[in-house]
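Single-structure report; data block below.
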Amino acid sequence: MSDQTRKNKVIIRNMTKEDIPKIVELQKAAFPYMAAEGVYWKPEQLEAHLKVFPEGQFVADYDGKIVGSCSSLIVKFDPEYKEHTWKEACGDSIFSAHNPKGDSLYGADISTHPDNRRLGVATKIYDARKALAIKLNLRRIIAGARLFNYCEFAKELSPLEYVQKVLKHEIREPVLEFQVKNGFKFIKILNDYMKDPRSLNHATFIEWINPNYKAK
C-alpha cells in the first residue's frame, strides 16, 4: 500500500464518548515522559471536554484505530498576548475557561501515535482546527506549544535563544518546526507553562490568524 493510500485512509472526525478509552491509551503512548509523571488526559476530563465544547474535540481514525486526537476550547485574552499557564488558559483540565463568545480557538492538546507519525495525522488535525475556526468566525488559533528538545540545550541557551536558533534552522525542534510549517507564528516564550520534563516547563506562544475572519 502506498504512503498516499495510507494517508487517505486517515479520517478526522469529532470525538465520541466511545473513543475516550482509546484516547487515554494514545496519550500514554504519545507522551511517555509526561505520562510517567501522571500528566495525560483522564476519562472524566475528556468527558468534560465533550460536554463543554464537542465541536472542538477531534480524533484521527485509521482503520478503526485512534492514531491522533486533539482537545480545544474557545477563549478571550485581554491583552491578546497575555502571559498565562496552561491551567489558566484552559481553566484546569475540564475546560472551565471555555468562552463561547471568545475570539480565539485555544489548542489545549494534540497527540499522535508514535507508530503512525508518517500518515500526515497532525497536519490533518491542524486543518480540522483551522476549518473549525473559519466556520465559527474565530479570529485566530493560539496555543502554548512544547519545546521538545530544549532540555538538551538548556545549559547553553535560554528558551528564547533556543527558539531563535530553531527559527534560523540551526537547531532541529520537531514541534515548533512543524507548527511554523503549518502557518503558525512564534509570538513569545511562556515560562512555567506546564509540567514538562522535555521543555523544562517552558512553551512557545504560537498564533495562526484566520484569513477569512469578519469583524463582528
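Convention: chains lettered A, B, ... in C-alpha cells order; per-chain residue numbering from 1; ligands numbered from 1 as shown.
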Considering only strand (DSSP E or B) as DSSP defines it on the backbone, what residues of region 3-208 of chain A qualify? List them as a VMD selection string.
chain A and resid 10 to 14 58 to 62 65 to 75 104 to 112 140 to 146 185 to 190 203 to 208
Find the spatial neighbours of Ala215 (chain A), counting only C-alpha atoms, within a cut-off of 12 Å - ignore same-chain residues fewer than 2 positions away - and output them as an MDAnalysis selection string.
chainID A and resid 103 137:140 210:213
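The nearest approach to Pro174 (chain A) among the residues A:Phe77, A:Phe148, A:Trp208, A:Phe153, with only C-alpha atoms taken into account, belongs to A:Phe148.
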Gly91 (chain A) environment, 12 Å, only C-alpha atoms, sequence neighbours closer than 4 positions dropped, as a list in words
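Residues meeting the cut-off are Gln45, Ala48, His49, Val52, Ser72, Leu73, Ile74, Val75, His84, Thr85, Trp86, Lys87, Phe95, Ser96, Ala97, His98, Asn99, Tyr106 and Ala108 of chain A.
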Selection near Met34 (chain A), 12 Å with only C-alpha atoms, sequence-local residues under 3 positions removed, as a VMD selection string:
chain A and resid 27 to 31 37 to 41 146 148 194 to 201
Which residue, A:Thr204, A:Ser104, A:Thr123, A:Gln179, has the smallest gap to Asp78 (chain A) when you use only C-alpha atoms?
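Once distances to Asp78 (chain A) are computed over only C-alpha atoms, the minimum belongs to A:Ser104.
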